[in-house]
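Asks: Here you go, this is target.tsv (TSV, C-alpha atoms).
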```
chain	number	residue	atom	x	y	z
A	1	MET	CA	149.32	26.95	-37.69
A	2	LYS	CA	150.02	25.14	-34.44
A	3	SER	CA	148.01	21.97	-33.91
A	4	PHE	CA	146.67	21.07	-30.48
A	5	LYS	CA	145.64	17.76	-28.98
A	6	ILE	CA	141.87	17.43	-28.82
A	7	ILE	CA	140.54	17.39	-25.25
A	8	PRO	CA	136.83	16.49	-25.55
A	9	PHE	CA	134.34	17.51	-22.92
A	10	ASN	CA	133.32	13.91	-22.28
A	11	THR	CA	134.31	10.40	-23.33
A	12	PRO	CA	131.86	7.63	-22.35
A	13	TYR	CA	133.31	4.86	-20.20
A	14	ILE	CA	132.96	1.34	-21.59
A	15	SER	CA	132.96	-1.29	-18.86
A	16	LYS	CA	134.89	-4.52	-19.31
A	17	ASN	CA	131.98	-7.01	-19.30
A	18	VAL	CA	129.65	-5.11	-21.59
A	19	LEU	CA	130.19	-7.23	-24.73
A	20	LYS	CA	129.87	-10.45	-22.71
A	21	ASN	CA	126.54	-9.24	-21.32
A	22	ILE	CA	125.23	-8.19	-24.72
A	23	ARG	CA	126.18	-11.54	-26.22
A	24	GLY	CA	124.36	-13.16	-23.32
A	25	SER	CA	121.17	-11.29	-24.24
A	26	PHE	CA	121.41	-12.53	-27.82
A	27	LYS	CA	121.99	-16.12	-26.69
A	28	LYS	CA	118.84	-15.95	-24.55
A	29	ASN	CA	116.89	-14.31	-27.38
A	30	GLN	CA	116.10	-11.42	-25.03
A	31	LEU	CA	116.03	-8.13	-26.89
A	32	SER	CA	112.83	-6.43	-25.75
A	33	GLY	CA	112.29	-4.99	-22.29
A	34	ASP	CA	112.42	-6.58	-18.83
A	35	GLY	CA	114.72	-9.48	-19.57
A	36	ASP	CA	117.20	-11.02	-17.15
A	37	PHE	CA	119.68	-8.13	-17.18
A	38	THR	CA	116.97	-5.53	-16.62
A	39	LYS	CA	115.77	-7.54	-13.63
A	40	LEU	CA	119.33	-7.73	-12.30
A	41	CYS	CA	119.57	-3.94	-12.68
A	42	HIS	CA	116.34	-3.47	-10.73
A	43	VAL	CA	117.52	-5.63	-7.82
A	44	TRP	CA	120.99	-4.05	-7.76
A	45	LEU	CA	119.68	-0.50	-7.99
A	46	GLU	CA	117.07	-0.97	-5.27
A	47	LYS	CA	119.81	-2.11	-2.91
A	48	LYS	CA	122.25	0.61	-3.96
A	49	ALA	CA	119.74	3.47	-3.87
A	50	LYS	CA	117.87	2.11	-0.82
A	51	THR	CA	114.52	2.62	-2.50
A	52	ARG	CA	111.34	0.58	-2.48
A	53	LYS	CA	111.13	0.09	-6.23
A	54	THR	CA	113.19	0.97	-9.29
A	55	LEU	CA	112.02	0.72	-12.88
A	56	LEU	CA	114.44	1.15	-15.76
A	57	THR	CA	113.22	3.49	-18.48
A	58	HIS	CA	114.54	4.45	-21.88
A	59	SER	CA	115.55	7.89	-20.54
A	60	CYS	CA	115.41	10.13	-17.50
A	61	THR	CA	112.87	12.16	-19.48
A	62	ALA	CA	110.61	9.10	-19.52
A	63	ALA	CA	111.03	8.64	-15.76
A	64	LEU	CA	110.05	12.27	-15.17
A	65	GLU	CA	107.02	11.92	-17.43
A	66	MET	CA	105.99	8.91	-15.37
A	67	THR	CA	106.15	10.98	-12.18
A	68	ALA	CA	103.68	13.47	-13.67
A	69	ILE	CA	101.24	10.71	-14.62
A	70	LEU	CA	101.69	8.92	-11.28
A	71	LEU	CA	100.83	12.06	-9.32
A	72	LYS	CA	97.80	12.70	-11.54
A	73	ILE	CA	99.06	16.13	-12.55
A	74	ASN	CA	96.35	17.94	-14.52
A	75	ALA	CA	95.87	21.13	-16.50
A	76	GLY	CA	96.36	24.23	-14.35
A	77	ASP	CA	98.33	22.46	-11.60
A	78	GLU	CA	101.55	24.18	-10.57
A	79	ILE	CA	104.96	22.58	-10.03
A	80	ILE	CA	107.63	24.61	-8.23
A	81	MET	CA	111.11	24.07	-9.70
A	82	PRO	CA	114.34	25.82	-10.60
A	83	SER	CA	114.73	27.45	-13.99
A	84	TYR	CA	118.36	26.39	-14.17
A	85	THR	CA	117.82	22.84	-15.37
A	86	PHE	CA	117.36	20.71	-18.47
A	87	VAL	CA	114.12	21.11	-20.41
A	88	SER	CA	112.85	17.63	-19.44
A	89	SER	CA	112.36	18.79	-15.84
A	90	ALA	CA	109.60	21.13	-16.99
A	91	ASN	CA	108.41	19.35	-20.14
A	92	ALA	CA	107.25	16.31	-18.19
A	93	PHE	CA	104.63	18.45	-16.44
A	94	VAL	CA	103.80	20.83	-19.27
A	95	LEU	CA	102.76	17.74	-21.27
A	96	ARG	CA	100.06	17.21	-18.63
A	97	GLY	CA	98.93	20.85	-18.88
A	98	ALA	CA	100.68	21.94	-15.69
A	99	VAL	CA	102.50	25.24	-15.10
A	100	PRO	CA	106.16	25.25	-14.04
A	101	VAL	CA	106.73	27.94	-11.43
A	102	PHE	CA	110.38	28.95	-11.54
A	103	VAL	CA	112.17	30.15	-8.40
A	104	ASP	CA	115.77	31.21	-7.98
A	105	ILE	CA	118.77	29.05	-7.16
A	106	ARG	CA	121.35	29.30	-4.40
A	107	GLU	CA	124.58	31.07	-5.23
A	108	ASP	CA	126.74	28.41	-3.58
A	109	THR	CA	125.36	25.12	-4.98
A	110	LEU	CA	123.29	26.28	-7.97
A	111	ASN	CA	120.40	24.26	-6.52
A	112	ILE	CA	116.88	25.51	-5.87
A	113	ASP	CA	116.85	27.98	-2.97
A	114	GLU	CA	114.79	26.23	-0.30
A	115	ASN	CA	114.10	29.58	1.37
A	116	LEU	CA	112.14	30.80	-1.66
A	117	ILE	CA	109.85	27.81	-2.14
A	118	GLU	CA	107.20	28.49	0.48
A	119	ALA	CA	106.38	31.97	-0.85
A	120	ALA	CA	105.77	30.48	-4.31
A	121	ILE	CA	103.09	28.04	-3.10
A	122	THR	CA	99.50	28.71	-4.19
A	123	PRO	CA	96.28	26.67	-3.92
A	124	LYS	CA	97.21	25.22	-7.35
A	125	THR	CA	100.61	23.91	-6.26
A	126	ARG	CA	100.83	20.12	-6.43
A	127	ALA	CA	104.51	19.29	-6.15
A	128	ILE	CA	108.04	20.56	-5.69
A	129	LEU	CA	110.64	19.33	-8.15
A	130	VAL	CA	114.24	19.63	-7.03
A	131	VAL	CA	117.29	19.23	-9.26
A	132	HIS	CA	120.54	18.05	-7.68
A	133	TYR	CA	122.90	20.06	-9.86
A	134	ALA	CA	126.32	18.50	-10.55
A	135	GLY	CA	125.51	15.67	-8.15
A	136	ILE	CA	125.46	18.02	-5.16
A	137	ALA	CA	122.32	17.62	-3.08
A	138	CYS	CA	119.63	20.21	-2.47
A	139	GLU	CA	118.79	21.06	1.15
A	140	MET	CA	116.36	18.16	1.40
A	141	ASP	CA	115.41	18.38	5.10
A	142	ALA	CA	114.01	21.87	4.65
A	143	ILE	CA	112.26	20.93	1.40
A	144	LEU	CA	110.69	17.80	2.90
A	145	LYS	CA	109.43	19.90	5.80
A	146	ILE	CA	107.72	22.31	3.39
A	147	GLY	CA	106.24	19.41	1.45
A	148	LYS	CA	104.80	17.89	4.60
A	149	LYS	CA	103.41	21.22	5.82
A	150	TYR	CA	101.52	21.88	2.57
A	151	LYS	CA	100.88	18.24	1.61
A	152	LEU	CA	102.94	18.53	-1.56
A	153	LYS	CA	104.78	15.70	-3.31
A	154	ILE	CA	108.55	15.94	-3.63
A	155	ILE	CA	110.16	14.81	-6.87
A	156	GLU	CA	113.93	14.49	-7.16
A	157	ASP	CA	115.42	15.10	-10.57
A	158	ALA	CA	118.62	13.21	-9.78
A	159	ALA	CA	119.69	12.91	-13.41
A	160	GLN	CA	123.20	13.94	-12.33
A	161	GLY	CA	122.97	12.45	-8.86
A	162	PHE	CA	123.64	8.72	-9.12
A	163	ASP	CA	125.91	7.56	-6.26
A	164	ALA	CA	125.74	10.96	-4.53
A	165	LYS	CA	124.26	11.41	-1.05
A	166	TYR	CA	122.59	13.84	1.32
A	167	LYS	CA	123.24	13.03	4.98
A	168	LYS	CA	124.20	9.47	3.92
A	169	LYS	CA	120.94	9.03	1.95
A	170	PRO	CA	121.26	8.31	-1.78
A	171	LEU	CA	119.91	11.08	-3.99
A	172	GLY	CA	116.68	10.02	-5.65
A	173	SER	CA	115.59	8.02	-2.60
A	174	ILE	CA	114.61	10.92	-0.35
A	175	GLY	CA	111.47	12.40	-1.90
A	176	ASP	CA	108.31	10.59	-3.00
A	177	LEU	CA	109.76	9.88	-6.45
A	178	GLY	CA	113.19	10.15	-8.04
A	179	ALA	CA	114.65	9.95	-11.53
A	180	TYR	CA	118.14	8.97	-12.73
A	181	SER	CA	119.77	9.45	-16.12
A	182	PHE	CA	122.12	6.95	-17.72
A	183	HIS	CA	122.78	9.05	-20.81
A	184	GLU	CA	126.30	8.77	-22.22
A	185	SER	CA	127.19	12.09	-20.59
A	186	LYS	CA	126.54	10.70	-17.10
A	187	ASN	CA	128.93	8.90	-14.75
A	188	ILE	CA	127.14	5.58	-15.18
A	189	SER	CA	125.91	5.18	-18.72
A	190	SER	CA	124.08	2.89	-21.10
A	191	GLY	CA	124.18	5.35	-24.00
A	192	GLU	CA	120.58	6.32	-23.42
A	193	GLY	CA	118.57	5.23	-20.41
A	194	GLY	CA	117.11	6.19	-17.08
A	195	ALA	CA	115.32	4.90	-14.01
A	196	LEU	CA	112.32	5.82	-11.92
A	197	LEU	CA	112.71	5.44	-8.15
A	198	VAL	CA	109.42	4.89	-6.36
A	199	ASN	CA	109.89	5.66	-2.68
A	200	ASP	CA	106.19	5.73	-1.79
A	201	LYS	CA	105.06	2.09	-1.86
A	202	LYS	CA	101.46	3.11	-2.56
A	203	LEU	CA	102.58	4.31	-6.00
A	204	ILE	CA	104.32	1.09	-7.06
A	205	PRO	CA	101.34	-0.74	-8.68
A	206	ALA	CA	100.37	2.33	-10.69
A	207	ALA	CA	103.99	2.90	-11.75
A	208	GLU	CA	104.25	-0.61	-13.17
A	209	ILE	CA	101.03	-0.14	-15.14
A	210	ILE	CA	102.04	3.27	-16.54
A	211	ARG	CA	105.42	1.89	-17.65
A	212	GLU	CA	103.70	-0.96	-19.51
A	213	LYS	CA	101.58	1.27	-21.74
A	214	GLY	CA	98.78	1.43	-19.19
A	215	THR	CA	98.34	-2.34	-18.97
A	216	ASP	CA	98.75	-4.88	-16.18
A	217	ARG	CA	101.29	-6.83	-18.25
A	218	THR	CA	103.74	-6.97	-15.34
A	219	SER	CA	101.12	-8.73	-13.19
A	220	PHE	CA	100.47	-11.13	-16.08
A	221	PHE	CA	104.12	-12.17	-16.21
A	222	ARG	CA	104.04	-12.72	-12.45
A	223	GLY	CA	101.07	-15.04	-12.90
A	224	LYS	CA	98.70	-12.79	-10.98
A	225	VAL	CA	96.25	-12.42	-13.88
A	226	ASP	CA	95.49	-14.87	-16.72
A	227	LYS	CA	95.66	-12.16	-19.37
A	228	TYR	CA	96.62	-8.52	-19.39
A	229	THR	CA	94.49	-5.60	-20.44
A	230	TRP	CA	94.37	-1.81	-20.60
A	231	ARG	CA	93.96	-0.36	-17.10
A	232	SER	CA	94.92	3.33	-17.28
A	233	ILE	CA	96.89	5.85	-19.29
A	234	GLY	CA	100.53	5.04	-19.84
A	235	SER	CA	103.15	4.74	-22.52
A	236	SER	CA	106.05	2.60	-23.70
A	237	TYR	CA	108.71	3.53	-21.19
A	238	LEU	CA	110.68	0.25	-21.14
A	239	PRO	CA	114.24	0.21	-22.46
A	240	PRO	CA	115.36	-2.68	-24.68
A	241	GLU	CA	117.18	-5.51	-22.93
A	242	LEU	CA	120.50	-4.48	-24.49
A	243	ILE	CA	120.32	-1.32	-22.40
A	244	GLY	CA	119.97	-3.46	-19.28
A	245	ALA	CA	122.91	-5.62	-20.35
A	246	PHE	CA	125.10	-2.57	-20.95
A	247	LEU	CA	124.00	-0.87	-17.74
A	248	TYR	CA	124.50	-3.87	-15.48
A	249	SER	CA	128.15	-4.07	-16.51
A	250	GLN	CA	128.51	-0.42	-15.45
A	251	PHE	CA	126.72	-0.97	-12.15
A	252	LEU	CA	129.27	-3.62	-11.17
A	253	GLU	CA	132.06	-1.05	-11.61
A	254	SER	CA	130.17	1.91	-10.17
A	255	ASP	CA	132.19	2.25	-6.96
A	256	SER	CA	135.42	2.39	-8.94
A	257	ILE	CA	133.95	4.82	-11.49
A	258	THR	CA	132.75	7.21	-8.78
A	259	ALA	CA	136.04	7.05	-6.89
A	260	ARG	CA	138.04	7.85	-10.03
A	261	ARG	CA	135.82	10.77	-10.98
A	262	ILE	CA	136.01	12.26	-7.49
A	263	LYS	CA	139.82	11.99	-7.57
A	264	LYS	CA	139.93	13.90	-10.87
A	265	TRP	CA	137.38	16.44	-9.56
A	266	ARG	CA	139.59	17.07	-6.53
A	267	TYR	CA	142.66	17.55	-8.73
A	268	TYR	CA	140.92	20.36	-10.60
A	269	HIS	CA	139.69	21.79	-7.31
A	270	GLU	CA	143.18	21.95	-5.85
A	271	LYS	CA	144.73	23.48	-8.97
A	272	PHE	CA	142.20	26.32	-9.25
A	273	LEU	CA	142.55	27.56	-5.67
A	274	ILE	CA	145.00	30.28	-6.70
A	275	LEU	CA	142.64	31.63	-9.37
A	276	GLU	CA	139.89	31.77	-6.75
A	277	LYS	CA	142.13	33.61	-4.30
A	278	ASN	CA	142.94	36.10	-7.06
A	279	GLY	CA	139.22	36.73	-7.60
A	280	LEU	CA	139.12	35.47	-11.19
A	281	ILE	CA	136.86	32.48	-10.61
A	282	ARG	CA	134.79	30.78	-7.95
A	283	ARG	CA	135.14	27.05	-7.39
A	284	PRO	CA	132.21	24.68	-6.63
A	285	LYS	CA	131.02	24.51	-3.04
A	286	VAL	CA	129.96	21.21	-1.48
A	287	PRO	CA	128.01	21.56	1.81
A	288	ASP	CA	129.21	19.38	4.68
A	289	GLU	CA	126.08	17.21	4.58
A	290	CYS	CA	126.58	16.37	0.90
A	291	GLU	CA	128.67	13.64	-0.73
A	292	HIS	CA	129.02	14.45	-4.41
A	293	ASN	CA	129.86	12.03	-7.22
A	294	GLY	CA	132.36	13.98	-9.30
A	295	HIS	CA	129.87	14.45	-12.11
A	296	ILE	CA	130.67	18.02	-13.17
A	297	TYR	CA	133.60	20.28	-12.40
A	298	TYR	CA	132.53	23.84	-13.06
A	299	LEU	CA	133.90	27.32	-12.44
A	300	ILE	CA	132.00	30.59	-12.02
A	301	LEU	CA	133.84	33.36	-13.82
A	302	ASN	CA	134.27	36.84	-12.41
A	303	SER	CA	131.63	39.16	-13.87
A	304	LYS	CA	134.33	41.13	-15.71
A	305	ILE	CA	135.41	38.08	-17.72
A	306	ASN	CA	133.79	37.58	-21.12
A	307	ARG	CA	132.80	33.91	-21.14
A	308	ASN	CA	132.23	33.68	-24.90
A	309	LYS	CA	135.67	35.09	-25.61
A	310	LEU	CA	137.25	32.68	-23.12
A	311	LEU	CA	135.49	29.66	-24.62
A	312	LYS	CA	136.54	30.72	-28.12
A	313	ILE	CA	140.20	30.90	-27.05
A	314	LEU	CA	140.00	27.42	-25.52
A	315	HIS	CA	138.14	25.93	-28.47
A	316	THR	CA	140.79	27.19	-30.89
A	317	LYS	CA	143.20	25.07	-28.83
A	318	ASN	CA	140.86	22.04	-29.17
A	319	ILE	CA	139.97	22.17	-25.48
A	320	PHE	CA	136.23	21.72	-25.22
A	321	VAL	CA	135.26	23.62	-22.11
A	322	LEU	CA	131.50	24.30	-22.26
A	323	SER	CA	128.82	26.55	-20.80
A	324	HIS	CA	125.57	24.96	-19.60
A	325	TYR	CA	121.82	25.57	-19.53
A	326	ILE	CA	120.00	28.57	-20.89
A	327	PRO	CA	117.55	29.17	-18.01
A	328	LEU	CA	114.10	27.86	-18.87
A	329	HIS	CA	112.35	31.08	-17.88
A	330	LEU	CA	114.29	32.88	-20.64
A	331	SER	CA	113.37	30.36	-23.34
A	332	PRO	CA	110.39	30.80	-25.70
A	333	ALA	CA	108.60	27.75	-24.30
A	334	GLY	CA	109.42	28.72	-20.71
A	335	LYS	CA	107.76	32.09	-21.23
A	336	LYS	CA	104.76	30.44	-22.87
A	337	TYR	CA	104.11	27.60	-20.47
A	338	GLY	CA	105.65	28.69	-17.17
A	339	ARG	CA	105.96	31.67	-14.89
A	340	THR	CA	108.53	33.01	-12.47
A	341	HIS	CA	108.12	33.80	-8.81
A	342	GLY	CA	110.33	36.57	-7.49
A	343	SER	CA	113.68	37.67	-8.82
A	344	LEU	CA	115.86	35.07	-10.52
A	345	LYS	CA	119.01	37.15	-10.22
A	346	ASN	CA	121.27	34.25	-9.25
A	347	THR	CA	119.97	32.12	-12.10
A	348	ASN	CA	120.46	34.94	-14.60
A	349	PHE	CA	124.00	35.73	-13.47
A	350	LEU	CA	125.35	32.24	-12.85
A	351	ALA	CA	124.03	30.90	-16.15
A	352	LYS	CA	126.07	33.57	-17.96
A	353	GLN	CA	129.30	32.98	-16.06
A	354	ILE	CA	129.53	29.22	-15.60
A	355	ILE	CA	131.96	27.02	-17.52
A	356	ARG	CA	132.24	23.24	-17.30
A	357	LEU	CA	135.61	21.53	-17.68
A	358	PRO	CA	136.39	18.25	-19.46
A	359	LEU	CA	135.88	15.43	-16.97
A	360	TRP	CA	135.38	11.73	-17.55
A	361	THR	CA	136.29	8.49	-15.80
A	362	ASN	CA	139.58	7.87	-17.60
A	363	ILE	CA	140.74	11.42	-18.25
A	364	SER	CA	144.49	11.48	-17.68
A	365	LYS	CA	146.34	13.81	-15.35
A	366	LYS	CA	148.27	14.99	-18.41
A	367	ASP	CA	145.04	16.03	-20.17
A	368	GLN	CA	143.81	17.76	-17.02
A	369	ASP	CA	147.08	19.66	-16.82
A	370	ILE	CA	146.61	20.82	-20.42
A	371	VAL	CA	143.15	22.14	-19.51
A	372	ILE	CA	144.45	23.81	-16.35
A	373	SER	CA	147.40	25.44	-18.11
A	374	ALA	CA	145.23	26.74	-20.95
A	375	LEU	CA	142.73	28.26	-18.49
A	376	TYR	CA	145.51	29.95	-16.51
A	377	ASP	CA	146.96	31.38	-19.71
A	378	ALA	CA	143.58	32.62	-20.95
A	379	LEU	CA	142.52	34.14	-17.63
A	380	ASN	CA	145.84	35.80	-16.84
```
Please express what this file holds, its structure, as C-alpha cells.
Replies:
Amino acid sequence: MKSFKIIPFNTPYISKNVLKNIRGSFKKNQLSGDGDFTKLCHVWLEKKAKTRKTLLTHSCTAALEMTAILLKINAGDEIIMPSYTFVSSANAFVLRGAVPVFVDIREDTLNIDENLIEAAITPKTRAILVVHYAGIACEMDAILKIGKKYKLKIIEDAAQGFDAKYKKKPLGSIGDLGAYSFHESKNISSGEGGALLVNDKKLIPAAEIIREKGTDRTSFFRGKVDKYTWRSIGSSYLPPELIGAFLYSQFLESDSITARRIKKWRYYHEKFLILEKNGLIRRPKVPDECEHNGHIYYLILNSKINRNKLLKILHTKNIFVLSHYIPLHLSPAGKKYGRTHGSLKNTNFLAKQIIRLPLWTNISKKDQDIVISALYDALN
C-alpha cells in the first residue's frame, strides 16, 4: 500500500522568545493571573486593537460569557445571531437563560446577513451577536445602524478575527464588546486563551469585577481600596501568567505571522481559480472594505459533489482537509434553547458543502502543492 506524507490541518506556531518568557515568569514567581506578561499583553493589545480596555481570559468562551453578564442578560431575553458558528457563541447567553434567535448567513462571506436582522427583532431582543467568519468582517456599518435604531448592544465574536479589519478598524473594536480566541487553532495562539475587548468605557469597571470572581480585587491591587470584597456575580476568568508569557511572544511576531498566512492564503486562491471557472468549487469572497487575516482557506463545493466521499479520498492520502460547523439550529441543544427566524437556506446548504484546507503559519509551498494536486485529482 502506498504511503503518503501526513499533511495536518493545523500546526501551532511556536514563537522564538516563548521559553525565555516562561522562564522569566518562573524567576519572578508569577504563575497565577495578571502578572507582568499579562499586563504587557493588555497594553499591547489595547494599542493594536484600538480599544478602550482589553482583559485576557482563559478562553474566548470565557470572554463571551463575560459579555452576557456585563449586559445583564436575563431569562427570556433574545440575542440575534447566526446559526453557523461555534457553540460558545450561543452557550454564553443560554447560560443566562436567554434565547438565541438564529438568522441566515450571506452566501458570499458566510457572515450573518445584515438584511435579515431587523425583521428578527422583538420587544425581547437585547443584543446582536455577529461572528466574523474566517477573519472576514461582517457588514458592520449596517449592523451598527440597526443597533442604534433599536437601542441594542452589538457584540463581536471575533474569535477568528485577530489582526483583521473592517474599513481600517480592527475587528472586535467596532461594537460595544468584542471577544478574541487564542486557541492553538488560531493565528495567534497561547494554546488556550482569549480576550475581552471593552469598547464602551462605562462597562470597564463592571468587566474588571466580573473577571475577578465578582470582587473588586483589581481595585485593591491598584491601591484604591484597603481590602477587596464580593461586589457582584462573576467567575474565575483569568488565565495563568504562563499564558500571558506565551501570548506576548506571539504578539511581538504578529505582523509577520499575519503576512505569512495571507501569502499562503493567496497561493491557494490563485491555484483554485481554474476549478472555480469550471464550476466545481467556489472560492472565498473578501469584500473591498475588509482586510482579512488569512485564518481559514475554504472552498464551497458544487452541490453535485459528495463532500463526505471527497474528504474520505483525501484522508486516505493523509491530507486532512476538514468540514466545519454543524449549524446550531440543527443541533439538539439549538432546537431546545433557541429558535430560528425565517429560512436558513444558505446556512443549511453552505454547511454541507464547505471544506477547509490545511493552513498554518509555516506550511510549505511543497505541502500546499500536495493539497492542491490531490484536490484537483479528486475533483476531476
Asks: Rank nothing, just name the residue among A:Thr67, A:Asn29, A:Asn17, A:Thr61 nearest to A:Leu203, using only C-alpha atoms.
Replies: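 Closest candidate: A:Thr67.
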Asks: Show which residues sit within 10 Å of A:Phe320, as a list of chain:residue names. Count all atoms listed in the file, and ignore same-chain residues fewer than 4 positions away.
Replies: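 Result of the neighbour search: A:Ile6, A:Ile7, A:Pro8, A:Phe9, A:Asn10, A:Leu311, A:Lys312, A:Leu314, A:His315, A:Thr316, A:Arg356, A:Leu357, A:Pro358, A:Val371.
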Asks: What gap, in Å, lies between atom CA of A:Leu242 and atom CA of A:Val18?
Replies: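 Atom CA of A:Val18 lies at a distance of 9.6 Å from atom CA of A:Leu242.
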Asks: Please provide as a PDB file with C-alpha atoms, keeping the file's coordinate frame all residues within 9 Å of A:Arg217, with the sequence filter that same-chain residues fewer than 2 positions apart are discarded (counting all atoms listed in the file).
Replies:
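File written: out_18.pdb
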```pdb
ATOM      1  CA  GLU A 208     104.250  -0.610 -13.170  1.00  0.00           C
ATOM      2  CA  ILE A 209     101.030  -0.140 -15.140  1.00  0.00           C
ATOM      3  CA  GLU A 212     103.700  -0.960 -19.510  1.00  0.00           C
ATOM      4  CA  LYS A 213     101.580   1.270 -21.740  1.00  0.00           C
ATOM      5  CA  GLY A 214      98.780   1.430 -19.190  1.00  0.00           C
ATOM      6  CA  THR A 215      98.340  -2.340 -18.970  1.00  0.00           C
ATOM      7  CA  SER A 219     101.120  -8.730 -13.190  1.00  0.00           C
ATOM      8  CA  PHE A 220     100.470 -11.130 -16.080  1.00  0.00           C
ATOM      9  CA  PHE A 221     104.120 -12.170 -16.210  1.00  0.00           C
ATOM     10  CA  ARG A 222     104.040 -12.720 -12.450  1.00  0.00           C
ATOM     11  CA  VAL A 225      96.250 -12.420 -13.880  1.00  0.00           C
ATOM     12  CA  LYS A 227      95.660 -12.160 -19.370  1.00  0.00           C
ATOM     13  CA  TYR A 228      96.620  -8.520 -19.390  1.00  0.00           C
ATOM     14  CA  THR A 229      94.490  -5.600 -20.440  1.00  0.00           C
ATOM     15  CA  TRP A 230      94.370  -1.810 -20.600  1.00  0.00           C
TER      16      TRP A 230
END
```
Asks: So that I can check the surroundings of A:Thr122, please list as a list of chain:residue names every protein, DNA and RNA residue that reaches within 12 Å of it, counting only C-alpha atoms and ignoring chain neighbours fewer than 4 positions away.
Replies: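 Returned residues: A:Gly76, A:Asp77, A:Glu78, A:Ile79, A:Ile80, A:Val99, A:Val101, A:Ile117, A:Glu118, A:Arg126, A:Ala127, A:Ile128, A:Tyr150, A:Leu152, A:His341.
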Asks: Using all atoms listed in the file, which protein or nucleic acid residues come within 9 Å of stretch 155-160 of chain A? Drop anything in the same chain fewer than 6 positions from it, and give the result as number ranges by chain.
Replies: A: 60, 64, 67, 89, 127-137, 171-183, 186-187, 194, 293, 295-296
Asks: Nearest residue to A:Ala142 out of A:Asn115, A:Lys167, A:Lys345, A:Ser88, using only C-alpha atoms?
Replies: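 Under the stated criterion, the closest residue is A:Asn115.
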Asks: Hey, could you pull the box centre and edge lengths for stretch 175-181 of chain A, axis-aligned, 4 Å padding per side, all listed atoms, to one decimal in Å, as lines of an AutoDock Vina configuration file?
Replies:
```
center_x = 114.0
center_y = 10.7
center_z = -9.0
size_x = 19.5
size_y = 11.4
size_z = 22.2
```
Asks: Using all atoms listed in the file, can you tell me which of A:Phe93, A:Tyr84, A:Tyr248, A:Phe349 comes closest to A:Arg307?
Replies: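 Nearest candidate to A:Arg307 out of A:Phe93, A:Tyr84, A:Tyr248, A:Phe349: A:Phe349.
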Asks: With only C-alpha atoms as the basis for distance, which of A:Asn306, A:Thr361, A:Thr51, A:Gln353 is at the shortest distance from A:Asp255?
Replies: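 When distances to A:Asp255 are compared using only C-alpha atoms, the smallest one comes from A:Thr361.
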Asks: My list of candidates is A:Thr11, A:Ser373, A:Asn199, A:Asn278. Which is closest to A:Lys53 when distances are computed with only C-alpha atoms?
Replies: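 The shortest atom-to-atom distance to A:Lys53 comes from A:Asn199.
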Asks: Please, what distance in Å, to one decimal, runs between atom CA of A:Glu184 and atom CA of A:Leu301?
Replies: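 These atoms are spaced 27.1 Å apart.
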Asks: Set the distance at 6 Å and use only C-alpha atoms: which residues neighbour stretch 324-329 of chain A once local chain neighbours fewer than 4 positions away are removed? I'd like the list as a list of chain:residue names.
Replies: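 The filter keeps A:Ser83, A:Tyr84, A:Gly334, A:Lys335.
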Asks: If I take atom CA of A:Tyr337 and atom CA of A:Ala119, how far is one from the other in Å, to one decimal?
Replies: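 Atom CA of A:Ala119 lies at a distance of 20.2 Å from atom CA of A:Tyr337.
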Asks: Go through A:Lys48, A:Lys5, A:Arg261, A:His269 one by one, measure the shortest atom-to-atom distance of each to A:Ile319 using only C-alpha atoms, and give the residue with the smallest value.
Replies: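 Ranked by minimum distance to A:Ile319, first place goes to A:Lys5.
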